[in-house]
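Below is protein.cif, holding mmCIF, C-alpha atoms, pLDDT in the B column; chains and numbers go by the auth columns.
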```
data_run
#
loop_
_atom_site.group_PDB
_atom_site.id
_atom_site.type_symbol
_atom_site.label_atom_id
_atom_site.label_comp_id
_atom_site.label_asym_id
_atom_site.label_seq_id
_atom_site.Cartn_x
_atom_site.Cartn_y
_atom_site.Cartn_z
_atom_site.B_iso_or_equiv
_atom_site.auth_seq_id
_atom_site.auth_asym_id
ATOM 1 C CA MET A 1 -22.220 20.864 49.411 70.00 312 A
ATOM 2 C CA GLU A 2 -20.863 17.325 49.216 69.00 313 A
ATOM 3 C CA LEU A 3 -22.305 14.975 46.587 64.00 314 A
ATOM 4 C CA ILE A 4 -24.194 12.054 48.138 67.00 315 A
ATOM 5 C CA GLN A 5 -22.861 8.550 47.527 68.00 316 A
ATOM 6 C CA SER A 6 -25.696 7.330 45.290 68.00 317 A
ATOM 7 C CA PHE A 7 -24.966 10.111 42.801 69.00 318 A
ATOM 8 C CA SER A 8 -21.464 8.722 42.282 71.00 319 A
ATOM 9 C CA VAL A 9 -22.905 5.631 40.585 78.00 320 A
ATOM 10 C CA ASP A 10 -22.685 5.735 36.797 80.00 321 A
ATOM 11 C CA HIS A 11 -26.377 5.546 35.924 84.00 322 A
ATOM 12 C CA MET A 12 -25.570 5.145 32.238 86.00 323 A
ATOM 13 C CA ARG A 13 -23.755 1.847 32.911 87.00 324 A
ATOM 14 C CA ILE A 14 -25.734 0.298 35.758 91.00 325 A
ATOM 15 C CA VAL A 15 -27.671 -2.864 34.929 94.00 326 A
ATOM 16 C CA PRO A 16 -30.460 -4.552 36.868 97.00 327 A
ATOM 17 C CA GLY A 17 -29.086 -6.179 39.994 97.00 328 A
ATOM 18 C CA ILE A 18 -28.564 -6.105 43.745 98.00 329 A
ATOM 19 C CA TYR A 19 -26.077 -3.501 44.935 96.00 330 A
ATOM 20 C CA LEU A 20 -24.725 -2.352 48.257 95.00 331 A
ATOM 21 C CA SER A 21 -25.641 1.318 48.274 93.00 332 A
ATOM 22 C CA ARG A 22 -24.289 2.340 51.675 92.00 333 A
ATOM 23 C CA GLN A 23 -23.490 1.159 55.191 94.00 334 A
ATOM 24 C CA ASP A 24 -24.002 3.256 58.283 93.00 335 A
ATOM 25 C CA ASN A 25 -22.942 2.673 61.856 92.00 336 A
ATOM 26 C CA VAL A 26 -25.942 3.181 64.093 88.00 337 A
ATOM 27 C CA GLY A 27 -25.380 2.815 67.804 86.00 338 A
ATOM 28 C CA GLU A 28 -23.498 -0.441 68.263 86.00 339 A
ATOM 29 C CA GLY A 29 -24.610 -1.934 64.946 93.00 340 A
ATOM 30 C CA THR A 30 -24.543 -1.472 61.211 95.00 341 A
ATOM 31 C CA VAL A 31 -27.420 -0.671 58.874 97.00 342 A
ATOM 32 C CA THR A 32 -27.014 -1.539 55.189 97.00 343 A
ATOM 33 C CA THR A 33 -28.933 -0.011 52.292 96.00 344 A
ATOM 34 C CA TYR A 34 -29.257 -2.068 49.106 97.00 345 A
ATOM 35 C CA ASP A 35 -30.165 -0.773 45.660 96.00 346 A
ATOM 36 C CA ILE A 36 -32.465 -3.342 44.042 98.00 347 A
ATOM 37 C CA ARG A 37 -32.376 -2.195 40.434 97.00 348 A
ATOM 38 C CA LEU A 38 -34.986 -3.688 38.087 98.00 349 A
ATOM 39 C CA LYS A 39 -34.459 -1.399 35.096 97.00 350 A
ATOM 40 C CA LYS A 40 -31.506 0.249 33.344 95.00 351 A
ATOM 41 C CA PRO A 41 -31.784 3.958 34.205 92.00 352 A
ATOM 42 C CA ASN A 42 -32.201 6.329 31.279 93.00 353 A
ATOM 43 C CA ARG A 43 -32.220 3.431 28.804 95.00 354 A
ATOM 44 C CA GLU A 44 -35.369 1.397 29.545 95.00 355 A
ATOM 45 C CA PRO A 45 -38.922 2.397 30.356 95.00 356 A
ATOM 46 C CA VAL A 46 -39.420 2.741 34.098 95.00 357 A
ATOM 47 C CA ILE A 47 -41.727 0.513 36.130 97.00 358 A
ATOM 48 C CA ASP A 48 -45.412 1.373 35.847 97.00 359 A
ATOM 49 C CA VAL A 49 -46.394 3.424 38.921 98.00 360 A
ATOM 50 C CA ALA A 50 -49.378 1.259 39.907 98.00 361 A
ATOM 51 C CA ALA A 51 -47.324 -1.935 39.480 98.00 362 A
ATOM 52 C CA MET A 52 -44.477 -0.384 41.518 98.00 363 A
ATOM 53 C CA HIS A 53 -46.936 0.399 44.294 98.00 364 A
ATOM 54 C CA SER A 54 -48.240 -3.179 44.262 98.00 365 A
ATOM 55 C CA LEU A 55 -44.699 -4.594 44.308 98.00 366 A
ATOM 56 C CA GLU A 56 -43.931 -2.353 47.275 98.00 367 A
ATOM 57 C CA HIS A 57 -46.890 -3.764 49.241 98.00 368 A
ATOM 58 C CA ILE A 58 -46.420 -7.426 48.282 98.00 369 A
ATOM 59 C CA ILE A 59 -42.659 -7.594 48.775 98.00 370 A
ATOM 60 C CA ALA A 60 -42.679 -5.527 51.982 98.00 371 A
ATOM 61 C CA THR A 61 -45.222 -8.001 53.368 98.00 372 A
ATOM 62 C CA TYR A 62 -43.101 -10.948 52.225 98.00 373 A
ATOM 63 C CA LEU A 63 -39.888 -9.546 53.729 98.00 374 A
ATOM 64 C CA ARG A 64 -41.489 -8.672 57.050 98.00 375 A
ATOM 65 C CA ASN A 65 -42.930 -12.169 57.342 97.00 376 A
ATOM 66 C CA ASP A 66 -39.888 -14.203 56.278 97.00 377 A
ATOM 67 C CA PRO A 67 -38.944 -16.151 59.443 97.00 378 A
ATOM 68 C CA ASP A 68 -35.191 -15.883 58.799 96.00 379 A
ATOM 69 C CA TRP A 69 -35.087 -12.202 57.862 97.00 380 A
ATOM 70 C CA LYS A 70 -38.076 -10.364 59.385 97.00 381 A
ATOM 71 C CA ASP A 71 -36.123 -9.119 62.400 97.00 382 A
ATOM 72 C CA GLU A 72 -33.454 -7.650 60.104 97.00 383 A
ATOM 73 C CA VAL A 73 -35.793 -5.694 57.791 97.00 384 A
ATOM 74 C CA ILE A 74 -35.972 -1.967 58.434 97.00 385 A
ATOM 75 C CA TYR A 75 -37.388 -0.663 55.159 97.00 386 A
ATOM 76 C CA TRP A 76 -38.488 -1.661 51.659 98.00 387 A
ATOM 77 C CA GLY A 77 -39.601 1.078 49.281 97.00 388 A
ATOM 78 C CA PRO A 78 -39.487 2.405 45.721 97.00 389 A
ATOM 79 C CA MET A 79 -36.869 4.678 44.209 95.00 390 A
ATOM 80 C CA GLY A 80 -38.173 8.014 43.055 93.00 391 A
ATOM 81 C CA CYS A 81 -36.837 7.332 39.546 94.00 392 A
ATOM 82 C CA LEU A 82 -39.051 4.193 39.347 96.00 393 A
ATOM 83 C CA THR A 83 -36.189 1.924 38.245 96.00 394 A
ATOM 84 C CA GLY A 84 -36.007 -0.101 41.446 97.00 395 A
ATOM 85 C CA PHE A 85 -36.313 -0.299 45.214 98.00 396 A
ATOM 86 C CA TYR A 86 -34.292 0.299 48.343 97.00 397 A
ATOM 87 C CA LEU A 87 -33.963 -2.396 50.986 98.00 398 A
ATOM 88 C CA ILE A 88 -32.525 -1.446 54.357 97.00 399 A
ATOM 89 C CA LEU A 89 -31.414 -4.244 56.680 98.00 400 A
ATOM 90 C CA LYS A 90 -29.775 -4.436 60.070 97.00 401 A
ATOM 91 C CA GLY A 91 -26.260 -5.828 59.875 96.00 402 A
ATOM 92 C CA SER A 92 -23.657 -6.038 57.177 95.00 403 A
ATOM 93 C CA ARG A 93 -24.184 -8.537 54.373 96.00 404 A
ATOM 94 C CA SER A 94 -22.930 -8.552 50.827 97.00 405 A
ATOM 95 C CA PRO A 95 -25.382 -8.297 47.924 97.00 406 A
ATOM 96 C CA ARG A 96 -24.715 -11.989 47.221 97.00 407 A
ATOM 97 C CA GLU A 97 -25.857 -12.843 50.748 97.00 408 A
ATOM 98 C CA VAL A 98 -29.265 -11.213 50.212 98.00 409 A
ATOM 99 C CA TYR A 99 -29.647 -12.643 46.688 98.00 410 A
ATOM 100 C CA GLY A 100 -31.703 -15.664 47.812 98.00 411 A
ATOM 101 C CA LEU A 101 -34.029 -13.573 49.943 98.00 412 A
ATOM 102 C CA LEU A 102 -34.734 -11.185 47.077 98.00 413 A
ATOM 103 C CA LEU A 103 -35.078 -13.896 44.461 98.00 414 A
ATOM 104 C CA ASN A 104 -37.657 -15.648 46.656 98.00 415 A
ATOM 105 C CA ALA A 105 -39.443 -12.366 47.392 98.00 416 A
ATOM 106 C CA PHE A 106 -39.846 -11.572 43.692 98.00 417 A
ATOM 107 C CA LYS A 107 -40.898 -15.152 42.918 98.00 418 A
ATOM 108 C CA SER A 108 -43.530 -14.962 45.657 98.00 419 A
ATOM 109 C CA VAL A 109 -45.370 -12.216 43.774 98.00 420 A
ATOM 110 C CA ASP A 110 -46.589 -14.812 41.263 98.00 421 A
ATOM 111 C CA SER A 111 -48.698 -16.557 43.903 97.00 422 A
ATOM 112 C CA ALA A 112 -50.328 -13.373 45.234 98.00 423 A
ATOM 113 C CA ASP A 113 -54.118 -13.408 44.841 97.00 424 A
ATOM 114 C CA SER A 114 -54.387 -9.795 45.947 97.00 425 A
ATOM 115 C CA VAL A 115 -52.257 -6.890 47.089 97.00 426 A
ATOM 116 C CA PRO A 116 -52.070 -6.659 50.887 97.00 427 A
ATOM 117 C CA GLY A 117 -52.976 -3.399 52.598 96.00 428 A
ATOM 118 C CA THR A 118 -55.090 -1.880 49.843 95.00 429 A
ATOM 119 C CA ALA A 119 -58.099 -0.738 51.853 95.00 430 A
ATOM 120 C CA PRO A 120 -58.552 3.045 52.189 96.00 431 A
ATOM 121 C CA VAL A 121 -57.698 2.826 55.879 96.00 432 A
ATOM 122 C CA ASN A 122 -54.366 1.049 55.117 95.00 433 A
ATOM 123 C CA CYS A 123 -53.037 2.852 52.045 96.00 434 A
ATOM 124 C CA GLY A 124 -52.642 6.459 50.988 96.00 435 A
ATOM 125 C CA ASN A 125 -53.562 5.681 47.373 97.00 436 A
ATOM 126 C CA TYR A 126 -55.459 2.407 47.629 96.00 437 A
ATOM 127 C CA LEU A 127 -56.874 2.614 44.090 96.00 438 A
ATOM 128 C CA MET A 128 -53.431 2.845 42.456 97.00 439 A
ATOM 129 C CA HIS A 129 -52.448 -0.825 42.206 98.00 440 A
ATOM 130 C CA ASN A 130 -51.907 -3.233 39.333 98.00 441 A
ATOM 131 C CA LEU A 131 -51.377 -6.830 40.445 98.00 442 A
ATOM 132 C CA GLY A 132 -51.142 -8.216 36.901 98.00 443 A
ATOM 133 C CA MET A 133 -48.327 -5.867 35.913 98.00 444 A
ATOM 134 C CA ALA A 134 -46.618 -6.367 39.288 98.00 445 A
ATOM 135 C CA LYS A 135 -46.531 -10.090 38.565 98.00 446 A
ATOM 136 C CA TRP A 136 -45.058 -9.436 35.130 98.00 447 A
ATOM 137 C CA TYR A 137 -42.251 -7.184 36.450 98.00 448 A
ATOM 138 C CA ALA A 138 -41.505 -9.568 39.334 98.00 449 A
ATOM 139 C CA ALA A 139 -41.264 -12.587 37.019 98.00 450 A
ATOM 140 C CA GLU A 140 -39.036 -10.652 34.614 98.00 451 A
ATOM 141 C CA PHE A 141 -36.652 -9.653 37.419 98.00 452 A
ATOM 142 C CA ALA A 142 -36.613 -13.109 39.060 98.00 453 A
ATOM 143 C CA GLU A 143 -35.758 -14.724 35.719 98.00 454 A
ATOM 144 C CA TYR A 144 -33.025 -12.149 35.139 98.00 455 A
ATOM 145 C CA LEU A 145 -31.544 -12.785 38.602 98.00 456 A
ATOM 146 C CA GLU A 146 -31.501 -16.538 37.987 98.00 457 A
ATOM 147 C CA GLU A 147 -29.873 -16.150 34.576 98.00 458 A
ATOM 148 C CA ASN A 148 -27.214 -13.799 35.970 97.00 459 A
ATOM 149 C CA ARG A 149 -26.500 -15.338 39.384 96.00 460 A
ATOM 150 C CA ASP A 150 -22.817 -15.834 38.480 97.00 461 A
ATOM 151 C CA ASN A 151 -22.408 -12.435 36.822 96.00 462 A
ATOM 152 C CA ASN A 152 -20.442 -10.057 39.089 94.00 463 A
ATOM 153 C CA GLU A 153 -21.856 -7.097 37.155 94.00 464 A
ATOM 154 C CA ILE A 154 -25.240 -7.478 38.934 95.00 465 A
ATOM 155 C CA PHE A 155 -23.600 -7.172 42.374 96.00 466 A
ATOM 156 C CA GLU A 156 -21.031 -4.383 41.883 92.00 467 A
ATOM 157 C CA TYR A 157 -21.866 -0.777 41.071 87.00 468 A
ATOM 158 C CA PRO A 158 -20.202 0.809 38.066 82.00 469 A
ATOM 159 C CA LYS A 159 -18.628 3.913 39.571 65.00 470 A
ATOM 160 C CA ALA A 160 -18.460 7.242 37.812 61.00 471 A
ATOM 161 C CA GLU A 161 -15.119 8.973 38.106 60.00 472 A
ATOM 162 C CA ARG A 162 -15.487 12.517 39.350 56.00 473 A
ATOM 163 C CA LEU A 163 -12.895 15.058 38.367 56.00 474 A
ATOM 164 C CA VAL A 164 -12.856 17.925 40.835 62.00 475 A
ATOM 165 C CA THR A 165 -11.327 21.280 40.014 63.00 476 A
ATOM 166 C CA ASN A 166 -9.400 23.355 42.547 64.00 477 A
ATOM 167 C CA ASP A 167 -12.533 25.404 43.201 66.00 478 A
ATOM 168 C CA GLY A 168 -14.653 22.262 43.884 65.00 479 A
ATOM 169 C CA GLN A 169 -16.556 21.862 40.607 63.00 480 A
ATOM 170 C CA HIS A 170 -17.412 18.242 39.719 56.00 481 A
ATOM 171 C CA PHE A 171 -17.120 16.749 36.249 54.00 482 A
ATOM 172 C CA PHE A 172 -18.038 13.257 34.992 49.00 483 A
ATOM 173 C CA ASP A 173 -15.504 11.040 33.261 45.00 484 A
ATOM 174 C CA SER A 174 -17.296 7.720 32.909 39.00 485 A
#
```

Represent the supplied structure as structure tokens.
Amino acid sequence: MELIQSFSVDHMRIVPGIYLSRQDNVGEGTVTTYDIRLKKPNREPVIDVAAMHSLEHIIATYLRNDPDWKDEVIYWGPMGCLTGFYLILKGSRSPREVYGLLLNAFKSVDSADSVPGTAPVNCGNYLMHNLGMAKWYAAEFAEYLEENRDNNEIFEYPKAERLVTNDGQHFFDS
């Protein structure tokens, strides 16, 4: 079985940032998946589950209401490892081109009075939210993005080299 692209990223060297995870041709257009990494995998504590859930709701609402981007947004959701989110957009833009959108989305969390869509009829786990912690994580990431806006490391994945034997076994050399 072929290793999927996201597993070729060196998770021991990745830093918080905005990365192009993959691009797919769909019909006559392109769909781009971005890795929005808030935490260093395997080296920092992951995002609190309730805060992650709140960030998912708040930022998804922001993205789908942004007048310049709402028609491009396909998906916003958490990574299973709880170190970040995936953003899927129509079209083909570099991570630098979506930087402003994401910076503004994370900054917008600070002004949220509540988490949208948290009634039992709207959410599968409506009691699992933490707006205060969501604001803390969002502010931390927004500040980090601003401080590192000129740092290429937050826009380019560190790749893990994969040595493959003649019989198809994979080995890391990172």

Handout entry: the PyMOL selection byres ((chain A and resi 371-387) around 12) applied to the shown file, residues as a PyMOL selection string
Key = chain A and resi 340-347+363-370+388-390+395-404+408-409+411-420+422-423+425-428

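In terms of minimum interatomic distance to Asp421 in chain A, A:Met444 ranks closest within A:Met323, A:Cys434, A:Met444, A:Cys392, counting all atoms listed in the file.
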
Practice task
Tell me which protein, DNA and RNA residues are within 9 Å of Met439 in chain A, counting all atoms listed in the file, leaving out same-chain ones fewer than 3 positions away, and put them as a count of residues only.
Solution key: 7

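Straight-line separation from CA of Tyr330 in chain A to CA of Gly443 in chain A: 26.7 Å.
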
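The nearest approach to Phe452 in chain A among the residues A:Arg348, A:Arg333, A:Arg407, A:His322, with only C-alpha atoms taken into account, belongs to A:Arg348.
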
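Interatomic distance, CA of Arg460 in chain A to CA of Arg324 in chain A: 18.6 Å.
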
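Pairwise distance (CA of Pro469 in chain A, CA of Glu451 in chain A) equals 22.3 Å.
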